[in-house]
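Enquirer: Take this structure, written in structure tokens, and hold onto it; I'll ask about it next.
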There are 6 protein chains.
Amino acid sequence: MFLPILFIFSLLSSSFASVQDFCVADLSLPDGPAGYPCKNPAKVTVDDFVYSALGVAGNTNNLFKVAVTTAFTTQFPGLNGLGLSLARADLAVGGVVPMHTHPNANEVIFMLQGTITAGFISSANTVYLKTLNKGDTMIFPQGLLHFVVNSGKTTALVLVIFSSPNPGVQFLDYALFANNLPSELVEKTTFLDDGQVKKLKASFGGTG
Amino acid sequence: MFLPILFIFSLLSSSFASVQDFCVADLSLPDGPAGYPCKNPAKVTVDDFVYSALGVAGNTNNLFKVAVTTAFTTQFPGLNGLGLSLARADLAVGGVVPMHTHPNANEVIFMLQGTITAGFISSANTVYLKTLNKGDTMIFPQGLLHFVVNSGKTTALVLVIFSSPNPGVQFLDYALFANNLPSELVEKTTFLDDGQVKKLKASFGGTG
Amino acid sequence: MFLPILFIFSLLSSSFASVQDFCVADLSLPDGPAGYPCKNPAKVTVDDFVYSALGVAGNTNNLFKVAVTTAFTTQFPGLNGLGLSLARADLAVGGVVPMHTHPNANEVIFMLQGTITAGFISSANTVYLKTLNKGDTMIFPQGLLHFVVNSGKTTALVLVIFSSPNPGVQFLDYALFANNLPSELVEKTTFLDDGQVKKLKASFGGTG
Amino acid sequence: MFLPILFIFSLLSSSFASVQDFCVADLSLPDGPAGYPCKNPAKVTVDDFVYSALGVAGNTNNLFKVAVTTAFTTQFPGLNGLGLSLARADLAVGGVVPMHTHPNANEVIFMLQGTITAGFISSANTVYLKTLNKGDTMIFPQGLLHFVVNSGKTTALVLVIFSSPNPGVQFLDYALFANNLPSELVEKTTFLDDGQVKKLKASFGGTG
Amino acid sequence: MFLPILFIFSLLSSSFASVQDFCVADLSLPDGPAGYPCKNPAKVTVDDFVYSALGVAGNTNNLFKVAVTTAFTTQFPGLNGLGLSLARADLAVGGVVPMHTHPNANEVIFMLQGTITAGFISSANTVYLKTLNKGDTMIFPQGLLHFVVNSGKTTALVLVIFSSPNPGVQFLDYALFANNLPSELVEKTTFLDDGQVKKLKASFGGTG
Amino acid sequence: MFLPILFIFSLLSSSFASVQDFCVADLSLPDGPAGYPCKNPAKVTVDDFVYSALGVAGNTNNLFKVAVTTAFTTQFPGLNGLGLSLARADLAVGGVVPMHTHPNANEVIFMLQGTITAGFISSANTVYLKTLNKGDTMIFPQGLLHFVVNSGKTTALVLVIFSSPNPGVQFLDYALFANNLPSELVEKTTFLDDGQVKKLKASFGGTG
């Protein structure tokens, strides 16, 4: 008795077949201001919407004692155009996510484990500093310098959420000391001493 | 005497020739988060901006007694990037546009003919219900369940306007009963009885 | 047996009670860049989402032989923040909607009745001109000069759709001739003759 | 020697004092299409950016065996205008987050604990279904029906992330059965049987 | 001692390598609603972000005594997706930038040299008129008719700033008189006299 | 004969009177995520759209040998909601605009006078460095560290353009050294030496 429904269904299907519920990135094509072109929806499967790498602890066996694992569009193409991305930060005892900014996204962190001291600095140069424990959430508004330090006695694990699939990141030390920006210009524009600049350029692999 | 104007005109032309007043979709290229790439403006004609299929009554000779004709980007590529799309719904006496949502657009309907009962349900589960006659306009906010029933004694004709060229649509019964979502999961997540689910799966062509 | 559901319901209600599905304009408060502040949702009724004035023919007994009835936010506050607004244009035989632009919205018209000649002009000064009949749809991209002339033998009725609840409108003759912009400046910037400017200033109530 | 810096600092301060890095919601004022007006920045403290309620397990002692705790603007005003919000869902063994949509946000979930079966249904009525374990991430695109079932043998804990501080939510059963939408209309627009509708209306507290 | 930093650096690099800080237009690919696809970031150099043509005076030896030099995306591809573009206008004594609109951008001018009379007309047909000197800034809101006249005794030089890399421009006289829009339609929709229309069509190269 | 036009004019006026062409900030009301509420349009005059302070040289008699004069919404309320703002930077010989970011805006500078060395650093830590002369334009993408040094032999004057009326600014030294962020945290998150941090805290007025 309900067979005719199938008729209208196919009718509706032909109209709505083009509807774009999602736009899984086709990373083989060039990016654009709003994101990547969409993978053919007919080839999209549930695995385009599932990502497991954030479940795996990063290797914190380095001087920062930190590992950051990202789920941005290039790692997790299903996020393309959705206004969201994620990362996880593992911090061994004493670990540090150094001073940095995200030029294109607000950030919220959720504490999965451990104790950290987190802070950001506003345009008015006010410091917003807090000790966070498991279950706490904290906001870092877009583009402002912020950092996280493992101030507890166990490994800390932080889930990081961004308001863009393309948050960007600029680590202060890498920006200043890991490239060929002449030391003289670094000094003139940061008021750091020449010795300090050269020491850090040596550590971060910079020249000039 | 005004010939020099032509000179500056060509000057201005060379500057402004690239200006994008519109972006008629080139449907041969992949879609993106903001819409399709633009057809070469030099090949755009007035017919890219005109569409006539909404003037033709749909076939309501089906169990729903309804026909929906859409003018989305894929049918009317001139709408690409413009933040608008349209459709028409023909409802024979007793016809129904079943419970559905548009994930990506607000909707406004304009009554062209007849009498309908229309309603939507908010996040607070409040019902907004109204009988509409020719000339009436009603809003259905984005993503909320809504429906239209021809409650009059003549054919009803409704012009449908969306705030996106890609509104999307999800008909409740098709979403639940026209695919392979296991009956057990349908029942567990909707609290419908097993008999009810199986009956509707049979009608809508679902399996599992 | 299902009573406990009511418990979780009230729990969810307290969480979601603040959710904003819509933002009916509170016109008693000042407007902002994104629209008006929202009326208290508890006081919103279905009548905030329904508007009937577009069903009533306007009075075309004037020199233009045209009447335009708008459903913008200030007339239909339910549209606030939804990215859409509407209008109807009644054109008696020979009626004209004169050359104008909408600074803030794309426009789509849907022919309800009669025959019109409609056109718009692009940044490249190309004319896109078409005769439209009942059921036809035509696009006028944002900010471009366009017009409609009743070129048929009966009253024409046009439904007008905008991609903003605040499309704006600038009628060329009113902008040039209905205010105190000095004739000398009008002439210098439009290349119209002095006699022409003064004649139209007299007609449209301008001074200077 | 560096004292003069303080001079330019105060100069810059007077210019930049008004800069809006964030806009903590002042919930005492009416909401708007882009969010709430901002709390006076001078009164903002770090506690406006920190929220701890997501660290506390909800009470799953109900028929759904689920608890959802939200961090939307009204609970966590620091999120205002930032394009993000969060929630946590606790699911006891056998617990269910029933079929629902978020009209205004994309969603990503991150598995904190346990095993779930999660799914969403697209406009094309395709089912995207997956079993997720600790550390897995899954996307539910905006406005599409989706659900989560605890399919494991332990409590499941899910962190939920939305691409809007105001995602909205519409639970299917509450929308259909927890209000005064007449049973006849429910049946006509969903094709559910009368007995089924009345049974669920009784359970969810609906009338009509 | 700091060598391990290099390790984490390469780790972070692999994650963030895809980050899109900018999207220099690849003009060889088709434009889209949000702008052009991005040039491969690896091939971007500082010269993609620098443009010198606005430093060169235009040739004002024409009847308008004006030259407009634009830096839109097609001239300066680095602006793609950035929400900004620029132009310079040179006006000889008595020079005029005739009545025009920008369909897609707000405009701010900054006076580099000389004295001008500038004005715009609002939707309410109010004239906002001002004499500007070196160092003055004035706003012309999106889509509204505006003009600039060199009302001083020296060359005037104006820097023009738009809130879009694709502002568009519609010069009134070119739109009305430089194409094949039939004189009869021009007259009917602008109330200009037939002689006036034909005279200007002759000057601006129009037909019909 | 044209008097009836006045009739339709008043008709149209009543419809369009509410149209929002602009939204001059009412700074007496609280800001919001999209900007300030609008000043009553009836009280707006041309002076709300004109600003002259950018024409006045700032006082560079300080250690930086620089003066920055801003035209943001709080100084120039007419910019509210328009997606644009401006500033001017005066740099005496040897003057420096120190390393800083704008969290919420792309920036374009236009050289009005003199010679500068300008640079920005990308997320990939690449340096984009250029010497600019009068008439040159350079882009600094949103949120990235950048700086300007007067590398010429005369005063340099730079017009600065932002893609937001609320660009924000974070000067690196003020953020790190002009507040109470504990030296220990500064050192741990920037790898600067203790002596360096304390020296700059003393210079910039910081504590801790």
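Identifiers in this document derive from the order of the structure tokens: chains are assigned A, B, ..., residues are numbered from 1 separately in each chain, and ligands are numbered from 1 in order of occurrence.
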Can you tell me which residues surround Thr155 in chain C at a distance of at most 12 Å, considering only C-alpha atoms, apart from same-chain residues fewer than 5 positions away, and format the answer as a list in words?
Expert: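 The residues that qualify are Ala57, Gly58, Asn59, Thr60, Lys65, Val66, Ala67, Ala89, Asp90, Leu91, Ala92, Val93, Gly94, Gly95, Val96, Met111, Leu112, Gln113, Gly114, Thr115, Ile116, Asn133, Lys134, Val149 and Asn150 of chain C.
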Enquirer: Using the chain letters and numbers from this document, which residues of range 24-122 of chain A does DSSP assign to strand (DSSP E or B), as a VMD selection string?
Expert: chain A and resid 25 38 50 to 51 66 to 71 85 to 91 96 to 101 107 to 113 115 to 121
Enquirer: With only C-alpha atoms as the counted atoms, please give the residues lying no more than 9 Å from Gln20 in chain A, apart from itself and same-chain residues fewer than 2 positions off, as a list in words.
Expert: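 Listed by chain and then number, they are Ala17, Ser18, Phe22, Cys23 and Pro41 of chain A; Asp31, Pro33, Asn166, Pro167 and Gly168 of chain B; Ser123 of chain D.
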Enquirer: Find the residues near Pro30 in chain C: any atom within 8 Å, counting only C-alpha atoms, skip ones fewer than 3 places away on the same chain, and give them as a list of chain:residue names.
Expert: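 The contact residues come out as C:Leu27, C:Tyr36, C:Pro37, F:Pro37, F:Cys38, F:Lys39, F:Asn40.
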Enquirer: Leaving out Pro165 in chain E and any residue of its chain fewer than 2 positions from it, which residues lie within 12 Å of it when counting only C-alpha atoms, given as a compact mmCIF listing (two decimals) with N, CA, C and O atoms, in the first residue's frame?
Expert:
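Output file result_17.txt is given in full below:
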```txt
# COMPACT_ATOMS: atom_id res chain seq x y z
N PRO A 33 40.17 30.28 0.40
CA PRO A 33 39.94 31.08 1.61
C PRO A 33 38.92 30.45 2.55
O PRO A 33 38.98 30.68 3.76
N PHE B 16 38.70 47.11 -13.55
CA PHE B 16 37.55 46.51 -12.90
C PHE B 16 37.06 45.24 -13.58
O PHE B 16 36.10 44.62 -13.15
N SER B 18 37.94 42.41 -13.58
CA SER B 18 37.97 41.19 -12.79
C SER B 18 36.93 41.17 -11.69
O SER B 18 36.81 40.20 -10.95
N VAL B 19 36.22 42.25 -11.54
CA VAL B 19 35.32 42.35 -10.41
C VAL B 19 34.24 41.28 -10.49
O VAL B 19 33.70 40.99 -11.55
N GLN B 20 33.95 40.70 -9.32
CA GLN B 20 33.00 39.60 -9.24
C GLN B 20 31.67 40.10 -8.65
O GLN B 20 31.50 40.19 -7.45
N VAL E 24 47.35 33.52 -0.99
CA VAL E 24 47.65 34.32 -2.18
C VAL E 24 46.91 33.71 -3.37
O VAL E 24 46.97 32.50 -3.59
N ALA E 25 46.20 34.54 -4.10
CA ALA E 25 45.35 34.03 -5.20
C ALA E 25 46.17 33.37 -6.29
O ALA E 25 47.19 33.91 -6.73
N PRO E 33 33.04 31.84 -4.59
CA PRO E 33 32.30 32.83 -3.79
C PRO E 33 33.14 33.44 -2.67
O PRO E 33 32.90 34.57 -2.26
N ALA E 34 34.14 32.72 -2.18
CA ALA E 34 34.98 33.27 -1.12
C ALA E 34 36.33 33.77 -1.63
O ALA E 34 37.15 34.22 -0.85
N GLY E 35 36.54 33.72 -2.92
CA GLY E 35 37.81 34.18 -3.50
C GLY E 35 38.47 33.09 -4.33
O GLY E 35 37.89 32.02 -4.57
N TYR E 36 39.69 33.35 -4.73
CA TYR E 36 40.44 32.42 -5.57
C TYR E 36 41.08 31.31 -4.74
O TYR E 36 41.38 31.51 -3.56
N THR E 70 43.81 50.77 -9.16
CA THR E 70 43.26 49.87 -8.15
C THR E 70 44.28 48.80 -7.74
O THR E 70 45.12 48.38 -8.52
N ALA E 71 44.15 48.39 -6.49
CA ALA E 71 44.88 47.23 -5.98
C ALA E 71 43.84 46.26 -5.44
O ALA E 71 43.61 46.18 -4.24
N PHE E 72 43.20 45.57 -6.38
CA PHE E 72 42.23 44.54 -6.03
C PHE E 72 42.94 43.18 -6.17
O PHE E 72 44.12 43.12 -6.53
N THR E 73 42.23 42.10 -5.93
CA THR E 73 42.87 40.79 -5.97
C THR E 73 43.56 40.51 -7.30
O THR E 73 44.65 39.95 -7.34
N THR E 74 42.92 40.92 -8.39
CA THR E 74 43.52 40.58 -9.68
C THR E 74 44.81 41.34 -9.96
O THR E 74 45.64 40.88 -10.74
N GLN E 75 44.97 42.50 -9.34
CA GLN E 75 46.25 43.21 -9.48
C GLN E 75 47.22 42.81 -8.37
O GLN E 75 48.42 42.78 -8.56
N PHE E 76 46.69 42.55 -7.18
CA PHE E 76 47.51 42.31 -6.00
C PHE E 76 46.99 41.04 -5.33
O PHE E 76 46.22 41.07 -4.36
N PRO E 77 47.40 39.87 -5.86
CA PRO E 77 46.79 38.59 -5.45
C PRO E 77 46.96 38.26 -3.96
O PRO E 77 46.21 37.44 -3.43
N GLY E 78 47.92 38.91 -3.31
CA GLY E 78 48.09 38.67 -1.88
C GLY E 78 46.90 39.07 -1.05
O GLY E 78 46.73 38.61 0.08
N LEU E 79 46.02 39.92 -1.59
CA LEU E 79 44.84 40.37 -0.83
C LEU E 79 43.73 39.33 -0.77
O LEU E 79 42.79 39.47 0.03
N ASN E 80 43.84 38.30 -1.60
CA ASN E 80 42.79 37.28 -1.66
C ASN E 80 42.40 36.75 -0.28
O ASN E 80 43.25 36.30 0.49
N GLY E 81 41.11 36.84 0.03
CA GLY E 81 40.62 36.28 1.29
C GLY E 81 40.88 37.13 2.51
O GLY E 81 40.51 36.74 3.62
N LEU E 82 41.47 38.31 2.36
CA LEU E 82 41.86 39.11 3.53
C LEU E 82 40.85 40.18 3.92
O LEU E 82 41.01 40.85 4.93
N GLY E 83 39.81 40.39 3.11
CA GLY E 83 38.78 41.36 3.49
C GLY E 83 39.18 42.81 3.30
O GLY E 83 38.60 43.70 3.94
N LEU E 84 40.11 43.06 2.43
CA LEU E 84 40.62 44.42 2.22
C LEU E 84 41.06 44.61 0.77
O LEU E 84 41.56 43.69 0.15
N SER E 85 40.93 45.84 0.25
CA SER E 85 41.63 46.21 -0.97
C SER E 85 41.82 47.72 -0.97
O SER E 85 41.27 48.42 -0.12
N LEU E 86 42.59 48.20 -1.94
CA LEU E 86 42.92 49.63 -1.98
C LEU E 86 42.87 50.18 -3.40
O LEU E 86 42.84 49.41 -4.38
N ALA E 87 42.88 51.49 -3.47
CA ALA E 87 43.01 52.17 -4.76
C ALA E 87 43.57 53.57 -4.48
O ALA E 87 43.60 54.00 -3.33
N HIS E 102 29.80 51.00 -4.82
CA HIS E 102 30.55 49.74 -4.70
C HIS E 102 29.59 48.71 -4.11
O HIS E 102 29.28 48.77 -2.93
N ASN E 104 29.84 45.71 -3.15
CA ASN E 104 30.27 44.70 -2.19
C ASN E 104 31.23 45.18 -1.12
O ASN E 104 31.91 44.37 -0.50
N ALA E 105 31.30 46.48 -0.86
CA ALA E 105 32.30 46.91 0.13
C ALA E 105 31.95 48.26 0.72
O ALA E 105 31.44 49.15 0.02
N ASN E 106 32.25 48.41 2.01
CA ASN E 106 32.33 49.74 2.60
C ASN E 106 33.63 50.37 2.13
O ASN E 106 34.59 49.69 1.79
N GLU E 107 33.65 51.70 2.15
CA GLU E 107 34.83 52.42 1.68
C GLU E 107 35.22 53.49 2.70
O GLU E 107 34.36 54.12 3.31
N ILE E 161 40.19 52.88 0.49
CA ILE E 161 40.28 51.60 1.19
C ILE E 161 38.92 50.94 1.16
O ILE E 161 37.92 51.58 1.45
N PHE E 162 38.90 49.64 0.82
CA PHE E 162 37.64 48.91 0.74
C PHE E 162 37.65 47.75 1.72
O PHE E 162 38.70 47.14 1.97
N SER E 163 36.47 47.39 2.19
CA SER E 163 36.34 46.29 3.16
C SER E 163 36.19 44.94 2.47
O SER E 163 35.65 44.00 3.05
N PRO E 167 35.53 44.77 -4.23
CA PRO E 167 34.47 45.74 -3.89
C PRO E 167 33.44 45.93 -4.99
O PRO E 167 32.28 46.25 -4.71
N GLY E 168 33.84 45.72 -6.24
CA GLY E 168 32.96 46.06 -7.34
C GLY E 168 32.83 47.56 -7.47
O GLY E 168 33.16 48.32 -6.55
N ASN F 106 43.52 41.35 9.61
CA ASN F 106 44.59 41.48 8.65
C ASN F 106 44.99 42.96 8.57
O ASN F 106 44.19 43.84 8.87
N VAL F 108 47.15 46.03 6.22
CA VAL F 108 47.87 46.48 5.04
C VAL F 108 48.46 47.84 5.38
O VAL F 108 47.75 48.69 5.93
N SER F 163 41.44 45.06 8.73
CA SER F 163 40.21 44.46 8.21
C SER F 163 39.15 44.28 9.29
O SER F 163 38.26 43.45 9.15
```
